[in-house]
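> Below you'll find coords_39.cif; it's mmCIF, C-alpha atoms.
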data_entry
#
loop_
_atom_site.group_PDB
_atom_site.id
_atom_site.type_symbol
_atom_site.label_atom_id
_atom_site.label_comp_id
_atom_site.auth_asym_id
_atom_site.auth_seq_id
_atom_site.Cartn_x
_atom_site.Cartn_y
_atom_site.Cartn_z
ATOM 1 C CA MET A 1 71.075 77.132 161.766
ATOM 2 C CA LYS A 2 74.581 75.978 160.907
ATOM 3 C CA LEU A 3 73.297 74.456 157.678
ATOM 4 C CA TRP A 4 71.523 77.740 156.810
ATOM 5 C CA LEU A 5 74.734 79.742 157.413
ATOM 6 C CA LEU A 6 76.692 77.331 155.238
ATOM 7 C CA THR A 7 74.053 77.573 152.511
ATOM 8 C CA MET A 8 74.034 81.399 152.704
ATOM 9 C CA HIS A 9 77.845 81.474 152.609
ATOM 10 C CA SER A 10 77.796 79.206 149.589
ATOM 11 C CA ASP A 11 75.236 81.438 147.882
ATOM 12 C CA LEU A 12 77.405 84.511 148.571
ATOM 13 C CA LEU A 13 80.448 82.801 147.092
ATOM 14 C CA THR A 14 78.425 81.800 144.053
ATOM 15 C CA HIS A 15 77.145 85.363 143.723
ATOM 16 C CA GLY A 16 80.680 86.723 144.017
ATOM 17 C CA GLN A 17 81.898 84.274 141.409
ATOM 18 C CA LYS A 18 79.087 85.347 139.087
ATOM 19 C CA ILE A 19 80.116 88.994 139.491
ATOM 20 C CA LYS A 20 83.744 88.128 138.746
ATOM 21 C CA ILE A 21 82.707 86.043 135.751
ATOM 22 C CA LYS A 22 80.466 88.816 134.421
ATOM 23 C CA ARG A 23 83.237 91.384 134.876
ATOM 24 C CA SER A 24 85.737 89.055 133.226
ATOM 25 C CA VAL A 25 83.416 88.509 130.265
ATOM 26 C CA LYS A 26 82.795 92.247 129.974
ATOM 27 C CA VAL A 27 86.519 93.067 130.023
ATOM 28 C CA LYS A 28 87.185 90.330 127.454
ATOM 29 C CA MET A 29 84.422 91.653 125.181
ATOM 30 C CA GLU A 30 85.796 95.186 125.509
ATOM 31 C CA SER A 31 89.298 93.891 124.813
ATOM 32 C CA ASN A 32 88.069 92.132 121.670
ATOM 33 C CA TYR A 33 86.276 95.318 120.605
ATOM 34 C CA PHE A 34 89.415 97.441 120.887
ATOM 35 C CA LYS A 35 91.467 94.693 119.264
ATOM 36 C CA SER A 36 89.112 94.841 116.299
ATOM 37 C CA LEU A 37 89.614 98.625 116.114
ATOM 38 C CA VAL A 38 93.359 98.256 115.582
ATOM 39 C CA THR A 39 93.191 95.278 113.221
ATOM 40 C CA PRO A 40 93.875 96.378 109.593
ATOM 41 C CA MET A 41 90.978 95.918 107.197
ATOM 42 C CA PRO A 42 91.054 95.657 103.389
ATOM 43 C CA ALA A 43 91.173 99.132 101.880
ATOM 44 C CA LYS A 44 87.936 100.313 100.275
ATOM 45 C CA ALA A 45 87.603 102.545 97.265
ATOM 46 C CA ALA A 46 87.958 106.222 98.136
ATOM 47 C CA THR A 47 84.622 107.810 99.009
ATOM 48 C CA ARG A 48 83.493 110.973 100.718
ATOM 49 C CA ARG A 49 84.048 110.790 104.453
ATOM 50 C CA VAL A 50 82.894 112.480 107.655
ATOM 51 C CA LYS A 51 85.407 112.304 110.531
ATOM 52 C CA SER A 52 87.121 109.418 108.665
ATOM 53 C CA PHE A 53 83.814 107.512 108.444
ATOM 54 C CA ASP A 54 82.548 106.486 105.026
ATOM 55 C CA VAL A 55 79.346 108.436 104.344
ATOM 56 C CA ASP A 56 77.571 105.422 102.823
ATOM 57 C CA MET A 57 78.426 103.419 105.958
ATOM 58 C CA LEU A 58 77.062 106.208 108.147
ATOM 59 C CA VAL A 59 73.827 106.215 106.162
ATOM 60 C CA GLN A 60 73.378 102.447 106.574
ATOM 61 C CA PHE A 61 74.228 102.712 110.282
ATOM 62 C CA GLY A 62 71.743 105.569 110.550
ATOM 63 C CA TYR A 63 68.946 103.422 109.134
ATOM 64 C CA ALA A 64 69.857 100.657 111.612
ATOM 65 C CA GLN A 65 69.958 103.014 114.602
ATOM 66 C CA ASN A 66 66.680 104.639 113.613
ATOM 67 C CA ALA A 67 65.138 101.165 113.426
ATOM 68 C CA VAL A 68 66.108 100.347 117.029
ATOM 69 C CA LYS A 69 65.055 103.835 118.195
ATOM 70 C CA ASN A 70 68.554 104.955 119.187
ATOM 71 C CA THR A 71 68.426 107.880 116.777
ATOM 72 C CA ASN A 72 65.878 109.881 114.853
ATOM 73 C CA ILE A 73 67.825 110.995 111.806
ATOM 74 C CA PRO A 74 65.507 112.672 109.271
ATOM 75 C CA LEU A 75 64.686 110.347 106.372
ATOM 76 C CA GLU A 76 65.486 113.071 103.850
ATOM 77 C CA ALA A 77 69.037 113.158 105.205
ATOM 78 C CA LEU A 78 69.364 109.387 104.881
ATOM 79 C CA GLY A 79 67.717 109.383 101.467
ATOM 80 C CA ALA A 80 69.782 112.266 100.083
ATOM 81 C CA PRO A 81 73.042 112.421 102.054
ATOM 82 C CA TYR A 82 74.853 114.211 99.211
ATOM 83 C CA ARG A 83 73.783 117.754 98.341
ATOM 84 C CA LEU A 84 74.879 120.464 95.943
ATOM 85 C CA ALA A 85 77.015 123.077 97.679
ATOM 86 C CA ILE A 86 75.318 126.458 97.420
ATOM 87 C CA GLY A 87 77.153 129.743 97.962
ATOM 88 C CA LYS A 88 75.955 132.745 99.959
ATOM 89 C CA ASP A 89 74.759 134.259 96.698
ATOM 90 C CA GLY A 90 72.420 131.306 96.218
ATOM 91 C CA GLU A 91 74.386 130.002 93.252
ATOM 92 C CA VAL A 92 75.747 126.470 92.848
ATOM 93 C CA LYS A 93 79.432 126.233 93.749
ATOM 94 C CA PHE A 94 81.943 124.769 91.303
ATOM 95 C CA SER A 95 85.448 123.459 91.916
ATOM 96 C CA ALA A 96 88.541 124.743 90.119
ATOM 97 C CA SER A 97 88.159 121.856 87.660
ATOM 98 C CA GLY A 98 84.668 123.066 86.766
ATOM 99 C CA ARG A 99 82.813 120.245 88.504
ATOM 100 C CA PRO A 100 79.903 121.058 90.829
ATOM 101 C CA SER A 101 80.859 121.008 94.520
ATOM 102 C CA ILE A 102 79.140 118.417 96.676
ATOM 103 C CA ARG A 103 78.541 118.581 100.425
ATOM 104 C CA VAL A 104 77.191 116.088 102.959
ATOM 105 C CA ALA A 105 73.842 116.705 104.648
ATOM 106 C CA LYS A 106 74.385 118.416 108.019
ATOM 107 C CA GLU A 107 72.442 115.688 109.866
ATOM 108 C CA ILE A 108 74.842 113.032 108.552
ATOM 109 C CA VAL A 109 77.819 115.221 109.460
ATOM 110 C CA SER A 110 76.422 115.632 112.981
ATOM 111 C CA PHE A 111 75.805 111.870 113.231
ATOM 112 C CA GLY A 112 79.379 111.078 112.177
ATOM 113 C CA THR A 113 80.775 113.697 114.562
ATOM 114 C CA THR A 114 78.844 112.219 117.491
ATOM 115 C CA ILE A 115 80.104 108.698 116.729
ATOM 116 C CA HIS A 116 83.652 110.000 116.379
ATOM 117 C CA GLN A 117 83.483 111.812 119.722
ATOM 118 C CA ASN A 118 82.108 108.720 121.471
ATOM 119 C CA VAL A 119 84.699 106.402 119.935
ATOM 120 C CA VAL A 120 87.463 108.799 120.983
ATOM 121 C CA ALA A 121 86.037 108.880 124.528
ATOM 122 C CA GLN A 122 85.968 105.055 124.622
ATOM 123 C CA ILE A 123 89.556 104.869 123.379
ATOM 124 C CA GLN A 124 90.669 107.388 125.996
ATOM 125 C CA ALA A 125 88.892 105.469 128.761
ATOM 126 C CA GLU A 126 90.371 102.144 127.613
ATOM 127 C CA THR A 127 93.824 103.717 127.394
ATOM 128 C CA ALA A 128 93.503 105.090 130.934
ATOM 129 C CA ARG A 129 92.349 101.680 132.222
ATOM 130 C CA ILE A 130 95.274 99.832 130.662
ATOM 131 C CA PHE A 131 97.769 102.479 131.784
ATOM 132 C CA ASN A 132 96.424 102.046 135.318
ATOM 133 C CA GLU A 133 96.644 98.254 135.193
ATOM 134 C CA GLN A 134 99.915 98.025 133.247
ATOM 135 C CA GLU A 135 101.706 101.134 134.521
ATOM 136 C CA GLU A 136 105.083 99.451 135.123
ATOM 137 C CA THR A 137 105.046 97.636 131.768
ATOM 138 C CA ILE A 138 104.086 100.789 129.873
ATOM 139 C CA ASN A 139 106.709 102.921 131.651
ATOM 140 C CA LYS A 140 109.399 100.416 130.644
ATOM 141 C CA MET A 141 108.029 100.392 127.112
ATOM 142 C CA MET A 142 108.107 104.204 126.934
ATOM 143 C CA GLU A 143 111.718 104.317 128.163
ATOM 144 C CA ALA A 144 112.701 101.686 125.593
ATOM 145 C CA ALA A 145 110.867 103.645 122.879
ATOM 146 C CA LYS A 146 112.810 106.817 123.759
ATOM 147 C CA LYS A 147 116.130 104.971 123.470
ATOM 148 C CA VAL A 148 115.420 103.353 120.097
ATOM 149 C CA ALA A 149 113.879 106.585 118.772
ATOM 150 C CA MET A 150 116.849 108.783 119.717
ATOM 151 C CA PRO A 151 118.954 107.878 116.620
ATOM 152 C CA ILE A 152 115.994 108.777 114.392
ATOM 153 C CA ILE A 153 115.490 112.101 116.184
ATOM 154 C CA ASN A 154 119.215 112.920 116.067
ATOM 155 C CA SER A 155 119.340 112.009 112.364
ATOM 156 C CA ASP A 156 116.384 114.268 111.603
ATOM 157 C CA VAL A 157 117.947 117.135 113.588
ATOM 158 C CA LYS A 158 121.222 116.775 111.647
ATOM 159 C CA LYS A 159 119.385 116.591 108.313
ATOM 160 C CA LEU A 160 117.441 119.727 109.199
ATOM 161 C CA ASP A 161 120.583 121.586 110.312
ATOM 162 C CA ASP A 162 122.391 120.578 107.102
ATOM 163 C CA ALA A 163 119.407 121.583 104.970
ATOM 164 C CA LEU A 164 119.129 124.984 106.685
ATOM 165 C CA ALA A 165 122.883 125.564 106.312
ATOM 166 C CA ALA A 166 122.760 124.609 102.615
ATOM 167 C CA ARG A 167 119.739 126.844 102.100
ATOM 168 C CA ALA A 168 121.445 129.782 103.818
ATOM 169 C CA LYS A 169 124.605 129.241 101.731
ATOM 170 C CA ALA A 170 122.601 129.071 98.490
ATOM 171 C CA GLU A 171 120.711 132.251 99.397
ATOM 172 C CA ALA A 172 123.981 134.018 100.267
ATOM 173 C CA GLU A 173 125.579 132.919 96.993
ATOM 174 C CA ALA A 174 122.506 134.022 95.050
ATOM 175 C CA ALA A 175 122.537 137.418 96.776
ATOM 176 C CA ALA A 176 126.274 137.796 96.064
ATOM 177 C CA ALA A 177 125.736 136.887 92.401
ATOM 178 C CA VAL A 178 122.957 139.461 92.105
ATOM 179 C CA ALA A 179 125.121 142.110 93.757
ATOM 180 C CA GLU A 180 128.027 141.262 91.436
ATOM 181 C CA ALA A 181 125.779 141.415 88.387
ATOM 182 C CA GLU A 182 124.405 144.785 89.482
ATOM 183 C CA THR A 183 127.948 146.085 89.966
ATOM 184 C CA ILE A 184 129.001 144.888 86.491
ATOM 185 C CA VAL A 185 125.921 146.453 84.895
ATOM 186 C CA ALA A 186 126.482 149.721 86.745
ATOM 187 C CA THR A 187 130.150 149.789 85.712
ATOM 188 C CA GLU A 188 129.358 149.050 82.082
ATOM 189 C CA THR A 189 126.612 151.688 82.079
ATOM 190 C CA THR A 190 128.975 154.281 83.542
ATOM 191 C CA THR A 191 131.711 153.384 81.018
ATOM 192 C CA ALA A 192 129.272 153.577 78.129
ATOM 193 C CA ALA A 193 128.018 156.937 79.347
ATOM 194 C CA GLU A 194 131.542 158.282 79.676
ATOM 195 C CA LYS A 195 132.399 157.114 76.165
ATOM 196 C CA HIS A 196 129.225 158.693 74.825
ATOM 197 C CA ASN A 197 129.922 161.961 76.614
ATOM 198 C CA GLY A 198 133.547 161.908 75.366
ATOM 199 C CA LYS A 199 132.469 161.454 71.774
ATOM 200 C CA LYS A 200 129.862 164.202 72.127
ATOM 201 C CA ALA A 201 132.412 166.598 73.595
ATOM 202 C CA ALA A 202 134.868 165.811 70.778
ATOM 203 C CA LYS A 203 132.238 166.544 68.165
ATOM 204 C CA GLU A 204 131.332 169.842 69.803
ATOM 205 C CA LEU A 205 134.996 170.788 69.990
ATOM 206 C CA ALA A 206 135.524 169.931 66.314
ATOM 207 C CA ALA A 207 132.500 171.977 65.322
ATOM 208 C CA THR A 208 133.827 175.099 67.011
ATOM 209 C CA ALA A 209 137.348 174.777 65.589
#
Re-express the file's structure as structure tokens.

Amino acid sequence: MKLWLLTMHSDLLTHGQKIKIKRSVKVKMESNYFKSLVTPMPAKAATRRVKSFDVDMLVQFGYAQNAVKNTNIPLEALGAPYRLAIGKDGEVKFSASGRPSIRVAKEIVSFGTTIHQNVVAQIQAETARIFNEQEETINKMMEAAKKVAMPIINSDVKKLDDALAARAKAEAEAAAAVAEAETIVATETTTAAEKHNGKKAAKELAATA
């Protein structure tokens, strides 16, 4: 009986260790996954994107996920992810440069949106987990960030105040210049009119003499 209890206790310990090991491995894998998300990658040539995802990458991922039965994206969407943009009048749309407008198939857009939403949810969950586990460290980090950021914030506030003051001064000077110009024009117009009227009156007076 004693031997059986010892054996059972040993099995329970082993089981508990397995659970801890599995959890440790899972957390490590998740940690590596999120580490890979924030590791810079070589920049690719600019392509059309959906929710920051390269459309060609989404198409390849779509084929892969269809193959393992995780999705059922229509083959026509995968085969022709780029489509001509058509207006409500049924005519092909053109850009300001005269080139035909291109859109992405709605199924690919929906696929990219779903991935984006799930990745965001994973990031939020991972952030919450780390904040819970590293609350004291993060609070200290946030306080330190506020202190080192304050000079930048104060500098930006001063630059903005100076820019607004300079803008207001320039607008006031421009308005004053316009007002001065209008006054000069009005004065010159009045003077010219008076001279014209004086000459006209002199002529009329001379004609009646």
> Pick out the closest residue to Ser52 of chain A from this set: A:Ala181, A:Val109, A:Ala176, A:Val68. Count all atoms listed in the file.
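Among A:Ala181, A:Val109, A:Ala176, A:Val68, it is A:Val109 that comes nearest to Ser52 of chain A.
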> Just give me the gap between atom CA of Ile73 of chain A and atom CA of Glu107 of chain A in Å, one decimal is fine.
6.9 Å
> Find the spatial neighbours of Lys51 of chain A, counting only C-alpha atoms, within a cut-off of 9 Å - ignore same-chain residues fewer than 5 positions away - and output them as number ranges by chain.
A: 109, 112-113, 115-116
> Taking (81.2, 119.8, 93.9) as a centre in this file's frame and 12 Å as the limit, can you find every polymer residue with an atom that close, using all atoms listed in the file, and give them as a list of chain:residue names?
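I get A:Arg48, A:Tyr82, A:Arg83, A:Leu84, A:Ala85, A:Ile86, A:Gly87, A:Val92, A:Lys93, A:Phe94, A:Ser95, A:Ala96, A:Ser97, A:Gly98, A:Arg99, A:Pro100, A:Ser101, A:Ile102, A:Arg103, A:Val104 for the residues within 12 Å of that point.
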> So, counting only C-alpha atoms, which residue among A:Asp161, A:Ile108, A:Ile152, A:Ala175 is closest to Arg49 of chain A?
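Among A:Asp161, A:Ile108, A:Ile152, A:Ala175, it is A:Ile108 that comes nearest to Arg49 of chain A.
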> Have a look at atom CA of Gln117 of chain A and atom CA of Phe34 of chain A and let me know their distance in Å, one decimal.
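Between atom CA of Gln117 of chain A and atom CA of Phe34 of chain A the gap works out to 15.6 Å.
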